[in-house]
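Everything below belongs to work-v6.txt, which stores compact mmCIF, N, CA and C atoms.
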# COMPACT_ATOMS: atom_id res chain seq x y z
N MET A 18 0.86 -1.16 0.00
CA MET A 18 0.00 0.00 0.00
C MET A 18 0.90 1.23 0.00
N LEU A 19 0.69 2.13 -0.92
CA LEU A 19 1.43 3.37 -1.00
C LEU A 19 0.65 4.44 -0.24
N VAL A 20 1.32 5.11 0.68
CA VAL A 20 0.69 6.18 1.47
C VAL A 20 1.43 7.47 1.15
N GLU A 21 0.73 8.41 0.53
CA GLU A 21 1.30 9.71 0.23
C GLU A 21 1.00 10.64 1.39
N TRP A 22 1.97 11.52 1.74
CA TRP A 22 1.79 12.42 2.87
C TRP A 22 2.25 13.83 2.51
N LYS A 23 1.80 14.78 3.31
CA LYS A 23 2.19 16.17 3.17
C LYS A 23 2.36 16.73 4.57
N ILE A 24 3.45 17.47 4.81
CA ILE A 24 3.69 18.10 6.10
C ILE A 24 3.82 19.61 5.87
N SER A 25 3.24 20.37 6.77
CA SER A 25 3.26 21.83 6.66
C SER A 25 3.48 22.43 8.04
N ILE A 26 4.18 23.56 8.07
CA ILE A 26 4.31 24.27 9.34
C ILE A 26 3.38 25.47 9.40
N GLY A 27 2.43 25.53 8.49
CA GLY A 27 1.35 26.48 8.61
C GLY A 27 1.37 27.70 7.72
N TYR A 28 2.34 27.84 6.83
CA TYR A 28 2.25 28.94 5.89
C TYR A 28 2.63 28.48 4.49
N PRO A 29 2.11 29.15 3.48
CA PRO A 29 2.33 28.72 2.09
C PRO A 29 3.82 28.58 1.77
N GLY A 30 4.14 27.55 1.06
CA GLY A 30 5.50 27.31 0.66
C GLY A 30 6.33 26.53 1.67
N ALA A 31 5.81 26.37 2.86
CA ALA A 31 6.55 25.64 3.90
C ALA A 31 6.00 24.23 4.01
N CYS A 32 5.94 23.54 2.90
CA CYS A 32 5.39 22.19 2.85
C CYS A 32 6.40 21.23 2.23
N ARG A 33 6.31 20.01 2.65
CA ARG A 33 7.06 18.92 2.04
C ARG A 33 6.08 17.79 1.78
N GLU A 34 6.36 17.03 0.75
CA GLU A 34 5.53 15.89 0.41
C GLU A 34 6.40 14.66 0.25
N GLY A 35 5.81 13.53 0.46
CA GLY A 35 6.54 12.29 0.28
C GLY A 35 5.58 11.12 0.21
N ALA A 36 6.15 9.94 0.22
CA ALA A 36 5.33 8.73 0.19
C ALA A 36 6.09 7.62 0.90
N VAL A 37 5.33 6.76 1.52
CA VAL A 37 5.90 5.59 2.17
C VAL A 37 5.14 4.36 1.71
N GLU A 38 5.84 3.26 1.67
CA GLU A 38 5.25 1.99 1.27
C GLU A 38 5.06 1.14 2.51
N ILE A 39 3.86 0.62 2.69
CA ILE A 39 3.58 -0.31 3.78
C ILE A 39 3.20 -1.63 3.13
N ASP A 40 3.90 -2.69 3.50
CA ASP A 40 3.63 -4.00 2.91
C ASP A 40 2.21 -4.45 3.22
N ASP A 41 1.52 -4.95 2.21
CA ASP A 41 0.16 -5.43 2.38
C ASP A 41 0.10 -6.52 3.45
N GLU A 42 1.14 -7.34 3.51
CA GLU A 42 1.17 -8.41 4.51
C GLU A 42 1.17 -7.87 5.93
N ASP A 43 1.75 -6.69 6.14
CA ASP A 43 1.77 -6.08 7.47
C ASP A 43 0.40 -5.57 7.88
N VAL A 44 -0.47 -5.33 6.91
CA VAL A 44 -1.80 -4.78 7.17
C VAL A 44 -2.83 -5.89 7.40
N GLU A 45 -2.62 -7.02 6.75
CA GLU A 45 -3.59 -8.11 6.83
C GLU A 45 -3.82 -8.55 8.27
N GLY A 46 -5.10 -8.69 8.61
CA GLY A 46 -5.49 -9.17 9.93
C GLY A 46 -5.48 -8.12 11.02
N LYS A 47 -5.13 -6.88 10.69
CA LYS A 47 -5.07 -5.80 11.68
C LYS A 47 -6.41 -5.07 11.74
N SER A 48 -6.70 -4.49 12.88
CA SER A 48 -7.90 -3.66 13.03
C SER A 48 -7.66 -2.32 12.34
N ARG A 49 -8.73 -1.59 12.10
CA ARG A 49 -8.60 -0.27 11.47
C ARG A 49 -7.73 0.65 12.35
N GLU A 50 -7.89 0.56 13.65
CA GLU A 50 -7.11 1.38 14.58
C GLU A 50 -5.61 1.05 14.47
N GLU A 51 -5.28 -0.24 14.37
CA GLU A 51 -3.88 -0.66 14.23
C GLU A 51 -3.29 -0.18 12.91
N ILE A 52 -4.10 -0.25 11.85
CA ILE A 52 -3.64 0.19 10.53
C ILE A 52 -3.40 1.70 10.54
N ASP A 53 -4.33 2.45 11.13
CA ASP A 53 -4.16 3.90 11.22
C ASP A 53 -2.89 4.25 11.99
N ARG A 54 -2.62 3.52 13.06
CA ARG A 54 -1.41 3.75 13.85
C ARG A 54 -0.16 3.45 13.01
N MET A 55 -0.19 2.36 12.26
CA MET A 55 0.94 2.01 11.39
C MET A 55 1.18 3.11 10.35
N ILE A 56 0.11 3.60 9.75
CA ILE A 56 0.22 4.65 8.74
C ILE A 56 0.82 5.91 9.35
N ASN A 57 0.29 6.33 10.49
CA ASN A 57 0.78 7.55 11.14
C ASN A 57 2.24 7.42 11.55
N GLU A 58 2.64 6.26 12.06
CA GLU A 58 4.03 6.05 12.45
C GLU A 58 4.95 6.06 11.23
N ALA A 59 4.52 5.45 10.15
CA ALA A 59 5.33 5.43 8.92
C ALA A 59 5.48 6.83 8.34
N ILE A 60 4.39 7.59 8.36
CA ILE A 60 4.45 8.97 7.86
C ILE A 60 5.41 9.78 8.72
N TRP A 61 5.27 9.70 10.03
CA TRP A 61 6.12 10.51 10.90
C TRP A 61 7.59 10.13 10.73
N GLU A 62 7.87 8.85 10.64
CA GLU A 62 9.26 8.41 10.47
C GLU A 62 9.85 8.99 9.19
N ASP A 63 9.09 8.98 8.10
CA ASP A 63 9.58 9.50 6.83
C ASP A 63 9.63 11.03 6.84
N ALA A 64 8.60 11.68 7.36
CA ALA A 64 8.52 13.14 7.33
C ALA A 64 9.51 13.80 8.29
N SER A 65 9.90 13.10 9.34
CA SER A 65 10.77 13.72 10.34
C SER A 65 12.15 14.07 9.79
N GLN A 66 12.51 13.53 8.63
CA GLN A 66 13.79 13.90 8.02
C GLN A 66 13.81 15.37 7.62
N TYR A 67 12.64 16.00 7.50
CA TYR A 67 12.55 17.39 7.09
C TYR A 67 12.37 18.34 8.28
N VAL A 68 12.37 17.79 9.50
CA VAL A 68 12.07 18.60 10.68
C VAL A 68 13.26 18.57 11.63
N ASP A 69 13.68 19.72 12.07
CA ASP A 69 14.67 19.82 13.13
C ASP A 69 13.93 20.24 14.39
N SER A 70 14.07 19.46 15.44
CA SER A 70 13.45 19.83 16.70
C SER A 70 14.47 19.61 17.81
N TYR A 71 14.47 20.50 18.76
CA TYR A 71 15.43 20.45 19.84
C TYR A 71 14.91 21.28 21.01
N PRO A 72 15.34 20.98 22.21
CA PRO A 72 14.89 21.76 23.36
C PRO A 72 15.51 23.16 23.34
N THR A 73 14.76 24.12 23.80
CA THR A 73 15.26 25.50 23.83
C THR A 73 15.55 25.98 25.25
N ASN A 74 15.07 25.26 26.23
CA ASN A 74 15.29 25.67 27.62
C ASN A 74 16.36 24.79 28.26
N THR A 75 17.53 24.76 27.64
CA THR A 75 18.58 23.84 28.08
C THR A 75 19.06 24.10 29.50
N ALA A 76 19.11 25.35 29.91
CA ALA A 76 19.55 25.65 31.28
C ALA A 76 18.60 25.03 32.30
N GLU A 77 17.30 25.17 32.06
CA GLU A 77 16.31 24.60 32.97
C GLU A 77 16.37 23.08 32.97
N ILE A 78 16.62 22.51 31.81
CA ILE A 78 16.74 21.05 31.71
C ILE A 78 17.94 20.57 32.51
N GLU A 79 19.07 21.25 32.36
CA GLU A 79 20.26 20.87 33.11
C GLU A 79 20.03 20.96 34.61
N GLU A 80 19.36 22.01 35.06
CA GLU A 80 19.06 22.16 36.48
C GLU A 80 18.16 21.03 36.97
N ALA A 81 17.18 20.66 36.18
CA ALA A 81 16.27 19.57 36.55
C ALA A 81 17.03 18.25 36.62
N ILE A 82 17.91 18.02 35.66
CA ILE A 82 18.70 16.78 35.67
C ILE A 82 19.58 16.73 36.91
N LYS A 83 20.24 17.84 37.22
CA LYS A 83 21.09 17.88 38.43
C LYS A 83 20.26 17.60 39.67
N ARG A 84 19.10 18.23 39.76
CA ARG A 84 18.23 18.06 40.93
C ARG A 84 17.74 16.61 41.04
N LEU A 85 17.39 16.01 39.92
CA LEU A 85 16.80 14.68 39.94
C LEU A 85 17.82 13.55 40.02
N THR A 86 19.02 13.79 39.52
CA THR A 86 20.01 12.71 39.47
C THR A 86 21.25 12.96 40.30
N GLY A 87 21.40 14.18 40.76
CA GLY A 87 22.60 14.50 41.53
C GLY A 87 23.79 14.82 40.64
N GLY A 88 23.60 14.88 39.34
CA GLY A 88 24.68 15.18 38.41
C GLY A 88 24.15 15.92 37.22
N GLY A 89 25.03 16.32 36.36
CA GLY A 89 24.63 17.05 35.16
C GLY A 89 25.39 16.53 33.96
N LYS A 90 25.38 17.32 32.93
CA LYS A 90 26.05 16.96 31.69
C LYS A 90 27.54 16.79 31.93
N GLY A 91 28.08 15.64 31.57
CA GLY A 91 29.50 15.40 31.70
C GLY A 91 29.96 15.09 33.12
N GLU A 92 29.04 14.92 34.02
CA GLU A 92 29.42 14.64 35.42
C GLU A 92 29.17 13.19 35.76

Just dump the structure as structure tokens.
Amino acid sequence: MLVEWKISIGYPGACREGAVEIDDEDVEGKSREEIDRMINEAIWEDASQYVDSYPTNTAEIEEAIKRLTGGGKGE
């Protein structure tokens, strides 16, 4: 089964498109909910190559890690 997808960050021109192949054998015997989950996971895995995401509150994260573990980055 070929699944075509489109990802957008909300303004014209900021879109990417692609397609993923899901083997028919992987779909056979699955519920609609399981198939939808498989499709969404396959789309996200393929589309994520176009997305950079990273934490922006690194100082707060480091403080939380130190508080929760007794250590920090490189310690």

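One distance worth recording is that between atom N of Glu79 (chain A) and CA of Ile26 (chain A), which is 27.5 Å.
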
Checklist outcome for this item: Across A:Ala76, A:Ala36, A:Ile82, A:Ala59, the smallest distance to Leu19 (chain A), with all atoms listed in the file counted, is shown by A:Ala36

Next on the checklist: When DSSP is applied to the backbone of this structure, which of chain A are assigned helix (DSSP H, G or I)? Write them out as number ranges by chain.
Outcome noted: A: 41-44, 49-67, 75-86

Dump as a JSON list (two decimals), in the frame of the given file, selection limited to N, CA and C atoms:
[["chain", "number", "residue", "atom", "x", "y", "z"],
["A", 41, "ASP", "N", 1.52, -4.95, 2.21],
["A", 41, "ASP", "CA", 0.16, -5.43, 2.38],
["A", 41, "ASP", "C", 0.10, -6.52, 3.45],
["A", 42, "GLU", "N", 1.14, -7.34, 3.51],
["A", 42, "GLU", "CA", 1.17, -8.41, 4.51],
["A", 42, "GLU", "C", 1.17, -7.87, 5.93],
["A", 43, "ASP", "N", 1.75, -6.69, 6.14],
["A", 43, "ASP", "CA", 1.77, -6.08, 7.47],
["A", 43, "ASP", "C", 0.40, -5.57, 7.88],
["A", 44, "VAL", "N", -0.47, -5.33, 6.91],
["A", 44, "VAL", "CA", -1.80, -4.78, 7.17],
["A", 44, "VAL", "C", -2.83, -5.89, 7.40],
["A", 49, "ARG", "N", -8.73, -1.59, 12.10],
["A", 49, "ARG", "CA", -8.60, -0.27, 11.47],
["A", 49, "ARG", "C", -7.73, 0.65, 12.35],
["A", 50, "GLU", "N", -7.89, 0.56, 13.65],
["A", 50, "GLU", "CA", -7.11, 1.38, 14.58],
["A", 50, "GLU", "C", -5.61, 1.05, 14.47],
["A", 51, "GLU", "N", -5.28, -0.24, 14.37],
["A", 51, "GLU", "CA", -3.88, -0.66, 14.23],
["A", 51, "GLU", "C", -3.29, -0.18, 12.91],
["A", 52, "ILE", "N", -4.10, -0.25, 11.85],
["A", 52, "ILE", "CA", -3.64, 0.19, 10.53],
["A", 52, "ILE", "C", -3.40, 1.70, 10.54],
["A", 53, "ASP", "N", -4.33, 2.45, 11.13],
["A", 53, "ASP", "CA", -4.16, 3.90, 11.22],
["A", 53, "ASP", "C", -2.89, 4.25, 11.99],
["A", 54, "ARG", "N", -2.62, 3.52, 13.06],
["A", 54, "ARG", "CA", -1.41, 3.75, 13.85],
["A", 54, "ARG", "C", -0.16, 3.45, 13.01],
["A", 55, "MET", "N", -0.19, 2.36, 12.26],
["A", 55, "MET", "CA", 0.94, 2.01, 11.39],
["A", 55, "MET", "C", 1.18, 3.11, 10.35],
["A", 56, "ILE", "N", 0.11, 3.60, 9.75],
["A", 56, "ILE", "CA", 0.22, 4.65, 8.74],
["A", 56, "ILE", "C", 0.82, 5.91, 9.35],
["A", 57, "ASN", "N", 0.29, 6.33, 10.49],
["A", 57, "ASN", "CA", 0.78, 7.55, 11.14],
["A", 57, "ASN", "C", 2.24, 7.42, 11.55],
["A", 58, "GLU", "N", 2.64, 6.26, 12.06],
["A", 58, "GLU", "CA", 4.03, 6.05, 12.45],
["A", 58, "GLU", "C", 4.95, 6.06, 11.23],
["A", 59, "ALA", "N", 4.52, 5.45, 10.15],
["A", 59, "ALA", "CA", 5.33, 5.43, 8.92],
["A", 59, "ALA", "C", 5.48, 6.83, 8.34],
["A", 60, "ILE", "N", 4.39, 7.59, 8.36],
["A", 60, "ILE", "CA", 4.45, 8.97, 7.86],
["A", 60, "ILE", "C", 5.41, 9.78, 8.72],
["A", 61, "TRP", "N", 5.27, 9.70, 10.03],
["A", 61, "TRP", "CA", 6.12, 10.51, 10.90],
["A", 61, "TRP", "C", 7.59, 10.13, 10.73],
["A", 62, "GLU", "N", 7.87, 8.85, 10.64],
["A", 62, "GLU", "CA", 9.26, 8.41, 10.47],
["A", 62, "GLU", "C", 9.85, 8.99, 9.19],
["A", 63, "ASP", "N", 9.09, 8.98, 8.10],
["A", 63, "ASP", "CA", 9.58, 9.50, 6.83],
["A", 63, "ASP", "C", 9.63, 11.03, 6.84],
["A", 64, "ALA", "N", 8.60, 11.68, 7.36],
["A", 64, "ALA", "CA", 8.52, 13.14, 7.33],
["A", 64, "ALA", "C", 9.51, 13.80, 8.29],
["A", 65, "SER", "N", 9.90, 13.10, 9.34],
["A", 65, "SER", "CA", 10.77, 13.72, 10.34],
["A", 65, "SER", "C", 12.15, 14.07, 9.79],
["A", 66, "GLN", "N", 12.51, 13.53, 8.63],
["A", 66, "GLN", "CA", 13.79, 13.90, 8.02],
["A", 66, "GLN", "C", 13.81, 15.37, 7.62],
["A", 67, "TYR", "N", 12.64, 16.00, 7.50],
["A", 67, "TYR", "CA", 12.55, 17.39, 7.09],
["A", 67, "TYR", "C", 12.37, 18.34, 8.28],
["A", 75, "THR", "N", 17.53, 24.76, 27.64],
["A", 75, "THR", "CA", 18.58, 23.84, 28.08],
["A", 75, "THR", "C", 19.06, 24.10, 29.50],
["A", 76, "ALA", "N", 19.11, 25.35, 29.91],
["A", 76, "ALA", "CA", 19.55, 25.65, 31.28],
["A", 76, "ALA", "C", 18.60, 25.03, 32.30],
["A", 77, "GLU", "N", 17.30, 25.17, 32.06],
["A", 77, "GLU", "CA", 16.31, 24.60, 32.97],
["A", 77, "GLU", "C", 16.37, 23.08, 32.97],
["A", 78, "ILE", "N", 16.62, 22.51, 31.81],
["A", 78, "ILE", "CA", 16.74, 21.05, 31.71],
["A", 78, "ILE", "C", 17.94, 20.57, 32.51],
["A", 79, "GLU", "N", 19.07, 21.25, 32.36],
["A", 79, "GLU", "CA", 20.26, 20.87, 33.11],
["A", 79, "GLU", "C", 20.03, 20.96, 34.61],
["A", 80, "GLU", "N", 19.36, 22.01, 35.06],
["A", 80, "GLU", "CA", 19.06, 22.16, 36.48],
["A", 80, "GLU", "C", 18.16, 21.03, 36.97],
["A", 81, "ALA", "N", 17.18, 20.66, 36.18],
["A", 81, "ALA", "CA", 16.27, 19.57, 36.55],
["A", 81, "ALA", "C", 17.03, 18.25, 36.62],
["A", 82, "ILE", "N", 17.91, 18.02, 35.66],
["A", 82, "ILE", "CA", 18.70, 16.78, 35.67],
["A", 82, "ILE", "C", 19.58, 16.73, 36.91],
["A", 83, "LYS", "N", 20.24, 17.84, 37.22],
["A", 83, "LYS", "CA", 21.09, 17.88, 38.43],
["A", 83, "LYS", "C", 20.26, 17.60, 39.67],
["A", 84, "ARG", "N", 19.10, 18.23, 39.76],
["A", 84, "ARG", "CA", 18.23, 18.06, 40.93],
["A", 84, "ARG", "C", 17.74, 16.61, 41.04],
["A", 85, "LEU", "N", 17.39, 16.01, 39.92],
["A", 85, "LEU", "CA", 16.80, 14.68, 39.94],
["A", 85, "LEU", "C", 17.82, 13.55, 40.02],
["A", 86, "THR", "N", 19.02, 13.79, 39.52],
["A", 86, "THR", "CA", 20.01, 12.71, 39.47],
["A", 86, "THR", "C", 21.25, 12.96, 40.30]]

Item to check | Spatial neighbours of region 63-74 of chain A, 9 Å, only C-alpha atoms, chain gap at least 3 places, as a PyMOL selection string | outcome: chain A and resi 22-24+33-37+58-60+77-79

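Restricting the calculation to only C-alpha atoms, the smallest distance between Val44 (chain A) and any of A:Thr75, A:Met18, A:Arg84, A:Cys32 is found for A:Met18.
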
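The coordinates place atom C of Met55 (chain A) at 10.6 Å from CA of Asp40 (chain A).
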
Item to check | d(CA of Trp61 (chain A), CA of Arg49 (chain A)) in Å | outcome: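 Answer for the CA of Trp61 (chain A) to CA of Arg49 (chain A) separation: 18.3 Å.
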